[in-house]
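Visitor: Sharing entry13.cif, mmCIF, C-alpha atoms and all ligand atoms:
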```cif
data_model
#
loop_
_atom_site.label_atom_id
_atom_site.label_comp_id
_atom_site.auth_asym_id
_atom_site.auth_seq_id
_atom_site.Cartn_x
_atom_site.Cartn_y
_atom_site.Cartn_z
CA MET A 144 27.03 0.18 28.40
CA ARG A 145 23.36 1.19 28.74
CA ARG A 146 21.38 -0.50 25.99
CA VAL A 147 19.17 1.60 23.72
CA THR A 148 16.05 -0.11 22.39
CA LEU A 149 14.21 0.40 19.11
CA THR A 150 11.49 2.24 21.02
CA GLN A 151 13.96 4.75 22.44
CA TYR A 152 15.63 5.16 19.03
CA LEU A 153 12.27 5.88 17.40
CA ILE A 154 11.24 8.34 20.12
CA GLU A 155 14.52 10.19 19.58
CA GLN A 156 13.90 10.28 15.81
CA GLN A 157 10.43 11.69 16.47
CA ARG A 158 11.83 14.31 18.86
CA ALA A 159 14.28 15.31 16.09
CA ALA A 160 11.22 15.71 13.80
CA ARG A 161 12.58 13.04 11.43
CA ILE A 162 9.51 10.83 11.76
CA SER A 163 5.89 11.53 12.65
CA PRO A 164 4.13 9.89 15.63
CA ASP A 165 2.16 7.74 13.18
CA LEU A 166 5.32 6.56 11.40
CA ARG A 167 6.86 5.74 14.77
CA LEU A 168 3.76 3.70 15.64
CA LEU A 169 3.88 1.98 12.22
CA ILE A 170 7.49 0.88 12.69
CA GLU A 171 6.81 -0.29 16.27
CA VAL A 172 3.87 -2.38 15.02
CA VAL A 173 5.94 -3.90 12.20
CA ALA A 174 8.68 -4.71 14.75
CA ARG A 175 6.13 -6.46 16.98
CA ALA A 176 4.84 -8.44 13.97
CA VAL A 177 8.42 -9.39 13.09
CA LYS A 178 8.89 -10.78 16.61
CA ALA A 179 5.82 -12.97 16.13
CA ILE A 180 7.12 -14.15 12.74
CA SER A 181 10.51 -14.90 14.33
CA VAL A 182 8.81 -17.09 16.96
CA ASN A 183 7.03 -19.07 14.23
CA VAL A 184 10.08 -19.37 11.97
CA SER A 185 12.27 -20.64 14.82
CA LYS A 186 9.81 -23.42 15.72
CA GLY A 187 10.79 -25.33 12.55
CA ALA A 188 9.76 -28.96 12.70
CA LEU A 189 8.55 -28.59 16.30
CA ALA A 190 5.33 -27.04 15.05
CA ASP A 191 3.19 -27.48 11.98
CA VAL A 192 4.83 -24.56 10.14
CA LEU A 193 7.04 -26.24 7.54
CA GLY A 194 6.22 -27.36 4.03
CA GLU A 195 3.72 -26.23 1.46
CA ALA A 196 0.47 -24.45 2.30
CA GLY A 197 -1.27 -26.11 -0.66
CA THR A 198 -2.05 -22.70 -2.22
CA ASP A 199 -0.37 -20.41 -4.79
CA ASN A 200 0.34 -16.69 -4.41
CA VAL A 201 -0.32 -13.93 -6.90
CA GLN A 202 2.99 -14.77 -8.57
CA GLY A 203 1.72 -18.31 -9.21
CA GLU A 204 4.30 -19.67 -6.79
CA ALA A 205 3.46 -22.43 -4.32
CA GLN A 206 3.12 -20.83 -0.89
CA LYS A 207 4.90 -22.24 2.13
CA LYS A 208 2.87 -22.45 5.35
CA LEU A 209 5.16 -19.78 6.83
CA ASP A 210 4.49 -17.46 3.86
CA VAL A 211 0.81 -17.53 4.80
CA ILE A 212 1.48 -17.28 8.56
CA ALA A 213 3.85 -14.31 8.13
CA ASN A 214 1.43 -12.56 5.79
CA GLU A 215 -1.49 -12.98 8.21
CA ILE A 216 0.62 -11.72 11.14
CA LEU A 217 1.59 -8.53 9.27
CA LEU A 218 -1.94 -7.82 8.00
CA GLN A 219 -3.62 -8.39 11.36
CA ALA A 220 -0.97 -6.47 13.34
CA ASN A 221 -1.27 -3.37 11.15
CA GLU A 222 -4.93 -3.01 10.23
CA TRP A 223 -6.36 -1.71 13.54
CA GLY A 224 -3.73 0.89 14.59
CA GLY A 225 -5.08 3.86 12.62
CA HIS A 226 -1.70 4.65 11.01
CA LEU A 227 -2.30 3.06 7.61
CA ALA A 228 -4.47 3.91 4.61
CA ALA A 229 -3.89 0.47 3.03
CA MET A 230 -1.39 -2.35 2.61
CA ALA A 231 0.09 -4.40 -0.24
CA SER A 232 1.70 -7.80 0.08
CA GLU A 233 3.64 -10.09 -2.26
CA GLU A 234 1.20 -12.80 -1.17
CA VAL A 235 -1.98 -10.90 -2.07
CA GLU A 236 -3.13 -9.87 -5.56
CA GLU A 237 -5.20 -6.85 -4.57
CA VAL A 238 -4.56 -3.86 -2.33
CA HIS A 239 -5.51 -4.80 1.25
CA GLN A 240 -7.97 -2.17 2.47
CA ILE A 241 -8.25 -1.22 6.14
CA PRO A 242 -11.53 -2.71 7.49
CA PHE A 243 -14.23 0.00 7.61
CA ASP A 244 -14.59 -0.25 11.42
CA TYR A 245 -10.97 0.78 11.98
CA PRO A 246 -9.58 4.35 11.66
CA LYS A 247 -7.21 5.11 8.77
CA GLY A 248 -3.93 6.98 8.67
CA GLY A 249 -1.72 8.50 6.01
CA TYR A 250 0.75 5.70 5.22
CA LEU A 251 0.88 2.83 2.76
CA LEU A 252 2.74 -0.29 3.91
CA LEU A 253 4.12 -2.80 1.39
CA PHE A 254 5.87 -6.02 2.27
CA ASP A 255 7.26 -9.35 1.25
CA PRO A 256 6.27 -11.19 4.42
CA LEU A 257 8.75 -14.04 4.10
CA ASP A 258 11.42 -13.61 1.45
CA GLY A 259 13.51 -16.63 0.53
CA SER A 260 10.91 -19.04 1.85
CA SER A 261 12.27 -21.80 -0.41
CA ASN A 262 15.04 -21.94 2.23
CA ILE A 263 12.66 -22.58 5.12
CA ASP A 264 12.55 -26.37 4.82
CA VAL A 265 16.35 -26.56 4.77
CA ASN A 266 16.75 -24.28 7.80
CA ILE A 267 18.55 -21.43 6.03
CA SER A 268 17.99 -17.77 6.95
CA VAL A 269 14.91 -16.01 5.55
CA GLY A 270 13.58 -12.49 6.02
CA THR A 271 10.77 -9.96 5.86
CA ILE A 272 11.12 -6.85 3.67
CA PHE A 273 8.95 -3.75 4.08
CA SER A 274 8.52 -0.34 2.46
CA VAL A 275 6.52 2.71 3.60
CA LEU A 276 5.00 5.36 1.32
CA SER A 277 2.68 8.28 2.05
CA ASN A 278 -0.84 7.91 0.73
CA PRO A 279 -1.14 10.53 -2.04
CA THR A 280 -4.94 10.57 -1.91
CA GLN A 281 -5.66 11.41 1.72
CA ASP A 282 -9.42 11.46 1.37
CA GLU A 283 -10.17 8.58 -0.98
CA GLU A 284 -9.78 4.81 -0.54
CA PRO A 285 -6.32 3.95 -1.89
CA THR A 286 -6.18 2.02 -5.16
CA GLU A 287 -3.28 0.26 -6.84
CA SER A 288 -2.28 3.55 -8.47
CA SER A 289 -1.87 5.14 -5.00
CA PHE A 290 1.05 2.73 -4.48
CA LEU A 291 2.70 3.29 -7.88
CA GLN A 292 5.25 5.83 -6.66
CA PRO A 293 9.00 5.72 -7.44
CA GLY A 294 11.19 4.28 -4.68
CA SER A 295 12.60 7.77 -4.06
CA GLU A 296 9.23 8.58 -2.44
CA GLN A 297 9.66 5.98 0.33
CA VAL A 298 9.58 7.50 3.83
CA ALA A 299 11.00 4.36 5.44
CA ALA A 300 12.28 0.92 4.48
CA GLY A 301 13.59 -2.06 6.35
CA TYR A 302 14.00 -5.76 6.68
CA ALA A 303 14.02 -8.43 9.35
CA LEU A 304 16.58 -11.22 9.07
CA TYR A 305 15.65 -14.48 10.81
CA GLY A 306 19.19 -15.78 11.14
CA PRO A 307 21.26 -17.09 14.06
CA SER A 308 19.95 -13.89 15.65
CA THR A 309 16.85 -12.01 14.55
CA MET A 310 17.73 -8.52 13.38
CA LEU A 311 15.70 -5.55 12.23
CA VAL A 312 17.51 -3.17 9.85
CA LEU A 313 15.82 0.16 9.24
CA THR A 314 16.19 3.51 7.49
CA VAL A 315 13.91 6.53 7.79
CA GLY A 316 16.18 8.53 5.49
CA HIS A 317 18.92 9.29 8.01
CA GLY A 318 21.31 6.40 7.62
CA VAL A 319 20.80 2.68 8.18
CA HIS A 320 20.49 1.28 11.69
CA GLY A 321 20.43 -2.30 12.96
CA PHE A 322 18.64 -3.76 15.97
CA THR A 323 19.10 -7.24 17.45
CA LEU A 324 16.20 -9.05 19.13
CA ASP A 325 16.83 -9.80 22.81
CA ARG A 326 14.49 -12.77 23.18
CA GLU A 327 14.60 -12.71 26.99
CA MET A 328 13.51 -9.07 27.14
CA GLY A 329 11.39 -9.30 23.96
CA SER A 330 12.85 -6.02 22.72
CA PHE A 331 15.03 -4.95 19.80
CA VAL A 332 18.37 -3.56 21.02
CA TYR A 333 20.19 -0.86 18.99
CA THR A 334 23.36 -2.78 18.06
CA HIS A 335 24.42 -1.47 14.62
CA PRO A 336 24.37 2.33 14.29
CA PHE A 337 25.00 3.84 10.84
CA MET A 338 25.64 0.65 8.86
CA THR A 339 27.65 1.41 5.72
CA VAL A 340 28.48 -0.54 2.56
CA PRO A 341 32.24 -0.49 1.80
CA VAL A 342 32.83 1.27 -1.55
CA SER A 343 34.91 -1.57 -2.97
CA THR A 344 34.63 -5.32 -2.64
CA SER A 345 35.95 -8.66 -3.83
CA GLU A 346 32.76 -10.60 -3.15
CA TYR A 347 29.85 -11.10 -5.56
CA ALA A 348 26.44 -12.72 -5.23
CA ILE A 349 24.64 -14.08 -8.29
CA ASN A 350 22.95 -17.35 -9.25
CA GLY A 351 25.69 -18.65 -11.57
CA SER A 352 23.44 -21.35 -13.04
CA ASN A 353 21.79 -18.63 -15.12
CA MET A 354 25.06 -17.64 -16.85
CA ARG A 355 24.04 -18.80 -20.34
CA HIS A 356 20.87 -16.67 -20.05
CA TRP A 357 22.57 -13.39 -19.06
CA GLU A 358 22.95 -10.36 -21.32
CA ALA A 359 26.44 -9.61 -22.67
CA PRO A 360 27.39 -6.93 -20.08
CA VAL A 361 26.70 -9.32 -17.20
CA GLN A 362 28.49 -12.20 -18.92
CA ARG A 363 31.49 -9.91 -19.43
CA TYR A 364 31.46 -8.65 -15.83
CA ILE A 365 31.16 -12.09 -14.18
CA SER A 366 33.75 -13.64 -16.53
CA GLU A 367 36.21 -10.92 -15.49
CA LEU A 368 35.58 -11.69 -11.79
CA GLN A 369 36.04 -15.42 -12.44
CA ALA A 370 39.34 -14.72 -14.28
CA GLY A 371 40.59 -13.27 -10.97
CA SER A 372 44.20 -12.14 -10.59
CA SER A 373 45.14 -13.47 -14.05
CA GLY A 374 42.33 -11.49 -15.68
CA PRO A 375 41.61 -7.80 -16.35
CA ARG A 376 40.60 -7.13 -12.73
CA GLY A 377 44.05 -8.21 -11.49
CA ARG A 378 42.71 -9.69 -8.24
CA ASP A 379 40.80 -12.72 -7.05
CA PHE A 380 37.11 -12.59 -6.12
CA ASN A 381 34.89 -14.69 -3.88
CA THR A 382 31.26 -15.64 -4.37
CA ARG A 383 28.29 -16.19 -2.06
CA TRP A 384 24.65 -16.99 -3.03
CA VAL A 385 22.20 -17.70 -0.21
CA ALA A 386 19.07 -17.38 -2.42
CA SER A 387 17.53 -15.29 0.35
CA MET A 388 17.83 -11.67 -0.77
CA VAL A 389 17.66 -10.43 2.84
CA ALA A 390 20.61 -12.63 3.89
CA ASP A 391 22.70 -11.63 0.86
CA VAL A 392 21.93 -7.93 1.28
CA HIS A 393 22.66 -8.05 5.02
CA ARG A 394 26.08 -9.58 4.34
CA ILE A 395 26.76 -6.81 1.82
CA LEU A 396 25.66 -4.12 4.32
CA THR A 397 28.00 -5.68 6.86
CA ARG A 398 31.17 -6.41 4.81
CA GLY A 399 30.53 -5.17 1.26
CA GLY A 400 29.77 -7.01 -1.97
CA ILE A 401 27.61 -6.81 -5.05
CA PHE A 402 24.23 -8.58 -5.35
CA MET A 403 22.91 -9.27 -8.82
CA TYR A 404 19.66 -10.64 -10.13
CA PRO A 405 19.98 -9.21 -13.65
CA LEU A 406 17.64 -9.55 -16.57
CA ASP A 407 18.10 -12.98 -18.14
CA ALA A 408 16.46 -14.84 -21.02
CA LYS A 409 14.38 -16.87 -18.54
CA CYS A 410 12.77 -13.89 -16.82
CA ALA A 411 13.05 -11.18 -19.49
CA ASP A 412 9.39 -11.56 -20.49
CA LYS A 413 8.40 -10.75 -16.87
CA GLY A 414 10.83 -7.82 -16.61
CA GLY A 415 13.11 -9.58 -14.14
CA LYS A 416 12.93 -11.96 -11.18
CA LEU A 417 12.68 -9.72 -8.11
CA ARG A 418 9.72 -7.45 -7.35
CA LEU A 419 10.12 -3.71 -7.57
CA MET A 420 7.71 -2.41 -4.92
CA TYR A 421 8.51 -4.61 -1.92
CA GLU A 422 11.93 -6.09 -2.65
CA ALA A 423 14.02 -3.88 -4.96
CA ASN A 424 12.79 -0.45 -3.76
CA PRO A 425 13.19 -0.99 0.01
CA MET A 426 16.58 -2.68 -0.46
CA ALA A 427 17.69 0.09 -2.85
CA MET A 428 16.76 2.77 -0.29
CA ILE A 429 18.64 0.91 2.43
CA VAL A 430 21.74 0.34 0.30
CA GLU A 431 21.86 3.97 -0.92
CA GLN A 432 21.35 5.26 2.63
CA ALA A 433 24.34 3.08 3.59
CA GLY A 434 26.52 4.65 0.89
CA GLY A 435 26.06 1.94 -1.74
CA ALA A 436 24.37 2.01 -5.14
CA ALA A 437 21.37 0.21 -6.68
CA THR A 438 20.51 0.08 -10.39
CA THR A 439 18.62 -2.10 -12.87
CA GLY A 440 21.86 -2.13 -14.92
CA ARG A 441 20.48 0.77 -16.93
CA GLU A 442 18.93 3.16 -14.40
CA ARG A 443 18.78 3.93 -10.67
CA ILE A 444 16.15 1.65 -9.11
CA LEU A 445 14.71 4.44 -6.97
CA ASP A 446 13.96 6.47 -10.13
CA VAL A 447 11.86 3.74 -11.79
CA ILE A 448 8.23 4.78 -12.25
CA PRO A 449 6.14 1.70 -11.34
CA THR A 450 3.35 0.58 -13.67
CA ARG A 451 2.03 -2.44 -11.73
CA LEU A 452 1.96 -3.36 -8.05
CA HIS A 453 3.67 -6.73 -8.52
CA GLN A 454 6.01 -5.82 -11.34
CA ARG A 455 9.47 -7.35 -11.48
CA ILE A 456 12.78 -5.64 -12.20
CA PRO A 457 16.49 -6.46 -12.61
CA VAL A 458 18.49 -5.70 -9.46
CA ILE A 459 22.20 -4.84 -9.18
CA LEU A 460 23.11 -3.36 -5.80
CA GLY A 461 25.88 -3.08 -3.23
CA SER A 462 29.40 -1.60 -3.18
CA ALA A 463 29.27 1.53 -5.33
CA GLU A 464 32.47 0.86 -7.33
CA GLU A 465 31.23 -2.49 -8.62
CA VAL A 466 27.63 -1.39 -9.28
CA GLU A 467 28.96 1.55 -11.28
CA ARG A 468 31.22 -0.76 -13.31
CA VAL A 469 28.38 -3.18 -14.18
CA THR A 470 26.10 -0.27 -15.07
CA ALA A 471 28.84 1.22 -17.30
CA TYR A 472 29.13 -2.13 -19.14
CA HIS A 473 25.38 -2.00 -19.81
CA VAL A 474 25.69 1.56 -21.12
CA ASP A 475 28.57 0.40 -23.35
CA GLY A 476 26.28 -2.44 -24.40
CA ARG A 477 28.98 -5.04 -23.98
P1 LIG A 501 16.94 -18.17 -7.36
C1 LIG A 501 13.75 -15.75 -3.10
O1 LIG A 501 12.82 -16.56 -3.79
C2 LIG A 501 14.11 -14.59 -4.02
O2 LIG A 501 12.98 -13.83 -4.29
C3 LIG A 501 15.21 -13.76 -3.39
O3 LIG A 501 15.12 -13.72 -2.00
C4 LIG A 501 16.48 -14.46 -3.85
O4 LIG A 501 17.58 -13.59 -3.95
C5 LIG A 501 16.09 -15.02 -5.21
O5 LIG A 501 14.66 -15.10 -5.23
C6 LIG A 501 16.66 -16.40 -5.44
O6 LIG A 501 16.37 -16.76 -6.78
O7 LIG A 501 16.60 -18.10 -8.83
O8 LIG A 501 18.41 -18.18 -7.10
O9 LIG A 501 16.21 -19.24 -6.60
#
```
Take the structure from the file and write it as structure tokens.
Ligand code: P6P

Guide:
Amino acid sequence: MRRVTLTQYLIEQQRAARISPDLRLLIEVVARAVKAISVNVSKGALADVLGEAGTDNVQGEAQKKLDVIANEILLQANEWGGHLAAMASEEVEEVHQIPFDYPKGGYLLLFDPLDGSSNIDVNISVGTIFSVLSNPTQDEEPTESSFLQPGSEQVAAGYALYGPSTMLVLTVGHGVHGFTLDREMGSFVYTHPFMTVPVSTSEYAINGSNMRHWEAPVQRYISELQAGSSGPRGRDFNTRWVASMVADVHRILTRGGIFMYPLDAKCADKGGKLRLMYEANPMAMIVEQAGGAATTGRERILDVIPTRLHQRIPVILGSAEEVERVTAYHVDGR
């Protein structure tokens, strides 16, 4: 069967007037940056890319060397192309302005350059998550407030998964599509058209060590799953927790499941654990485009009006039936 590449897929989306030439260029540039990140990630102990960078990020978390490498690759790949008005990264406090000697475009790119990097040193899959918004102030230099748009305003979202194979999963608002990196050709091949999340599931992903910190609705929901066939759900459930959101979400996109990082007593003062703008929003767009659901437990993630660039939020996403049940328990308050 003739193989379709990401480039051909994007050209066809542009011909169908679903994406602009600049958005096509943006996604191509991000894909090229992801290939460079994949090369660095796969070197492991063969190169000086493992371990701590000796610096902290805006979240006050110790940065891994690959966090810094991935961040630099994405910033440098995207700043000269003329398709962006500005960028925002989990690893950088301030909005990253396009250098004055480069042309600017109409898009805002946000990313978590290497999500799950605590897994790097133990050789477990990690990923890159990205989100694209339109710049609302075409003529002025973008500020933080230019980025503070609800996730429903995203024009594209995607992630790269650096697993046994490197994959790029993308939505531009017309379904979710997966591409697998052919390392010999150096191109992404269109391997997973129209990825969909099964409506029901028997698999859940949550960090169970936080159980004593969860709110009542989550304690109730997880206890029912753990009770299995002898409990109110009348069937057994399975659990998976990679601690790399990209890996957990990709599994759910592929075979169903529910992913939960709910509010808990440990992170309640920060509003949650995961970041809204470049983790929850892009993953929520992807999951909804694939027929799943994504809420904070109390409201649709894509409806949340952001107040800060690096704000955190509770995340419950995946198979619609289960997300709706957990959200109903929150509404019931028990
Ligand atoms: P915990 C990785 O640090 C991350 O941001 C997500 O990728 C992942 O789902 C979560 O945090 C893991 O958190 O508390 O289980 O280490």

Visitor: Could you please extract the residues within 6 Å of ligand LIG 501 (chain A), counting only C-alpha atoms and all ligand atoms, and hand them back as a PyMOL selection string?

Guide: chain A and resi 258-259+350+386-388+417

Visitor: Pick out the closest residue to A:Pro457 from this set: A:Pro307, A:Gly329, A:Pro285, A:Gly440. Count only C-alpha atoms.

Guide: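 Ranked by minimum distance to A:Pro457, first place goes to A:Gly440.
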
Visitor: Check the smallest atom-to-atom distance from each of A:Thr198, A:Tyr421, A:Pro336, A:Asp210 to A:Met230 using all atoms listed in the file, then report the winner.

Guide: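 Of A:Thr198, A:Tyr421, A:Pro336, A:Asp210, the one nearest A:Met230, counting all atoms listed in the file, is A:Tyr421.
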
Visitor: So, with all atoms listed in the file as the atoms that count, which of A:His335, A:Arg455, A:His239, A:Arg378 lies closest to A:Thr397?

Guide: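 Looking only at the distances to A:Thr397, the closest residue turns out to be A:His335.
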
Visitor: Which residues of stretch 249-338 of chain A come within 12 Å of stretch 381-385 of chain A, and for each one, what is the closest pair of atoms and their distance in Å to one decimal, counting all atoms listed in the file, sorted by chain and residue number, as a Markdown table?

Guide:
```
| residue | atom | partner | partner_atom | distance |
| --- | --- | --- | --- | --- |
| A:Asp258 | CA | A:Val385 | CA | 11.6 |
| A:Gly259 | CA | A:Val385 | CA | 8.8 |
| A:Ser260 | CA | A:Val385 | CA | 11.6 |
| A:Ser261 | CA | A:Val385 | CA | 10.7 |
| A:Asn262 | CA | A:Val385 | CA | 8.7 |
| A:Ile263 | CA | A:Val385 | CA | 12.0 |
| A:Val265 | CA | A:Val385 | CA | 11.7 |
| A:Asn266 | CA | A:Val385 | CA | 11.7 |
| A:Ile267 | CA | A:Val385 | CA | 8.1 |
| A:Ser268 | CA | A:Val385 | CA | 8.3 |
| A:Val269 | CA | A:Val385 | CA | 9.4 |
| A:Gly270 | CA | A:Val385 | CA | 11.8 |
| A:Gly306 | CA | A:Val385 | CA | 11.9 |
```

Visitor: Using all atoms listed in the file, find the one residue out of A:Leu253, A:Val319, A:Leu209, A:Leu168 that sits nearest to A:Phe337.

Guide: A:Val319

Visitor: Pick from A:Gly316, A:Gly435, A:Pro405, A:Gly194: nearest to A:Val458, with only C-alpha atoms counted?

Guide: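 Closest residue, counting only C-alpha atoms: A:Pro405.
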
Visitor: Could you name the residues that touch A:Arg468 at 12 Å or less, counting all atoms listed in the file, but leaving out those on the same chain fewer than 2 positions away, as a PyMOL selection string?

Guide: chain A and resi 343+360-361+363-365+367-368+376+401+436-438+440-441+459-466+470-475+477

Visitor: Quick one: residues within 8 Å of (6.7, -2.3, -8.3) (file frame), counting all atoms listed in the file, please, as a PDB file with C-alpha atoms, in the coordinates of the input.

Guide:
```pdb
ATOM      1  CA  LEU A 291       2.700   3.290  -7.880  1.00  0.00           C
ATOM      2  CA  ARG A 418       9.720  -7.450  -7.350  1.00  0.00           C
ATOM      3  CA  LEU A 419      10.120  -3.710  -7.570  1.00  0.00           C
ATOM      4  CA  MET A 420       7.710  -2.410  -4.920  1.00  0.00           C
ATOM      5  CA  TYR A 421       8.510  -4.610  -1.920  1.00  0.00           C
ATOM      6  CA  ASN A 424      12.790  -0.450  -3.760  1.00  0.00           C
ATOM      7  CA  PRO A 449       6.140   1.700 -11.340  1.00  0.00           C
ATOM      8  CA  THR A 450       3.350   0.580 -13.670  1.00  0.00           C
ATOM      9  CA  ARG A 451       2.030  -2.440 -11.730  1.00  0.00           C
ATOM     10  CA  LEU A 452       1.960  -3.360  -8.050  1.00  0.00           C
ATOM     11  CA  HIS A 453       3.670  -6.730  -8.520  1.00  0.00           C
ATOM     12  CA  GLN A 454       6.010  -5.820 -11.340  1.00  0.00           C
ATOM     13  CA  ARG A 455       9.470  -7.350 -11.480  1.00  0.00           C
ATOM     14  CA  ILE A 456      12.780  -5.640 -12.200  1.00  0.00           C
TER      15      ILE A 456
END
```

Visitor: Using all atoms listed in the file, determine which residues lie at most 9 Å from stretch 279-282 of chain A, disregarding the query and same-chain residues fewer than 6 positions distant; provide the list as a PyMOL selection string.

Guide: chain A and resi 228+248-250+289-290

Visitor: Using all atoms listed in the file, which residues sit within 10 Å of A:Met338 once same-chain residues fewer than 6 positions away are excluded, as a list in words?

Guide: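 After dropping sequence-adjacent residues, the list is Val312, Leu313, Thr314, Gly318, Val319, His320, Gly321, His393, Leu396, Thr397, Arg398, Ile429, Val430, Gln432, Ala433 and Gly434 of chain A.
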
Visitor: Quick one: residues within 6 Å of (37.2, -12.1, -3.5) (file frame), counting only C-alpha atoms, please, as a list in words.

Guide: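 Here is the list of nearby residues: Ser345, Glu346, Asp379, Phe380 and Asn381 of chain A.
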
Visitor: Atom CA of A:Tyr302 and atom CA of A:His317, how far apart in Å?

Guide: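 Separation of atom CA of A:His317 and atom CA of A:Tyr302: 15.9 Å.
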
Visitor: Please provide the set of residues having any atom within 8 Å of stretch 213-226 of chain A, restricted to only C-alpha atoms, with same-chain residues fewer than 5 positions apart removed, written as a list of chain:residue names.

Guide: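 Once the nearby chain positions are removed, what remains is A:Asp165, A:Leu166, A:Leu168, A:Leu169, A:Val172, A:Val173, A:Arg175, A:Ala176, A:Val177, A:Ala179, A:Ile180, A:Ser232, A:Glu234, A:Ile241, A:Pro242, A:Tyr245, A:Pro246, A:Lys247, A:Gly248, A:Gly249, A:Tyr250, A:Pro256, A:Leu257.
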
Visitor: With all atoms listed in the file as the atoms that count, which of A:Asp264, A:Asp325, A:Glu236, A:Asp255 lies nearest to A:Ala303?

Guide: A:Asp255

Visitor: Give me the residues near stretch 353-357 of chain A as a list in words, where near means some atom within 8 Å (using all atoms listed in the file) and where sequence neighbours in that chain fewer than 6 positions away do not count.

Guide: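 Near neighbours after the sequence-gap exclusion: Pro405, Leu406, Asp407, Ala408 and Lys409 of chain A.
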
Visitor: To one decimal place, how far is atom CA of A:Gly414 from atom CA of A:Arg443 in Å?

Guide: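 Separation of atom CA of A:Gly414 and atom CA of A:Arg443: 15.4 Å.
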
Visitor: Output requested as a short mmCIF file (atom, residue, chain, number, x, y, z; two decimals), in the frame of the given file - stretch 144-156 of chain A, filled out with N, CA and C atoms.

Guide:
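After the write, result-v1.cif holds the following:
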```cif
data_model
loop_
_atom_site.label_atom_id
_atom_site.label_comp_id
_atom_site.auth_asym_id
_atom_site.auth_seq_id
_atom_site.Cartn_x
_atom_site.Cartn_y
_atom_site.Cartn_z
N MET A 144 27.58 -0.97 29.15
CA MET A 144 27.03 0.18 28.40
C MET A 144 25.50 0.06 28.41
N ARG A 145 24.82 1.21 28.69
CA ARG A 145 23.36 1.19 28.74
C ARG A 145 22.83 0.85 27.35
N ARG A 146 21.89 -0.06 27.29
CA ARG A 146 21.38 -0.50 25.99
C ARG A 146 20.21 0.38 25.55
N VAL A 147 20.26 0.80 24.27
CA VAL A 147 19.17 1.60 23.72
C VAL A 147 18.27 0.65 22.94
N THR A 148 16.97 0.77 23.12
CA THR A 148 16.05 -0.11 22.39
C THR A 148 15.50 0.60 21.16
N LEU A 149 14.84 -0.17 20.31
CA LEU A 149 14.21 0.40 19.11
C LEU A 149 13.22 1.50 19.51
N THR A 150 12.47 1.24 20.58
CA THR A 150 11.49 2.24 21.02
C THR A 150 12.17 3.56 21.34
N GLN A 151 13.27 3.49 22.09
CA GLN A 151 13.96 4.75 22.44
C GLN A 151 14.52 5.41 21.19
N TYR A 152 15.08 4.60 20.27
CA TYR A 152 15.63 5.16 19.03
C TYR A 152 14.53 5.89 18.26
N LEU A 153 13.36 5.28 18.18
CA LEU A 153 12.27 5.88 17.40
C LEU A 153 11.74 7.15 18.09
N ILE A 154 11.68 7.14 19.39
CA ILE A 154 11.24 8.34 20.12
C ILE A 154 12.22 9.49 19.87
N GLU A 155 13.51 9.15 19.85
CA GLU A 155 14.52 10.19 19.58
C GLU A 155 14.41 10.71 18.14
N GLN A 156 14.09 9.82 17.20
CA GLN A 156 13.90 10.28 15.81
C GLN A 156 12.66 11.18 15.71
#
```
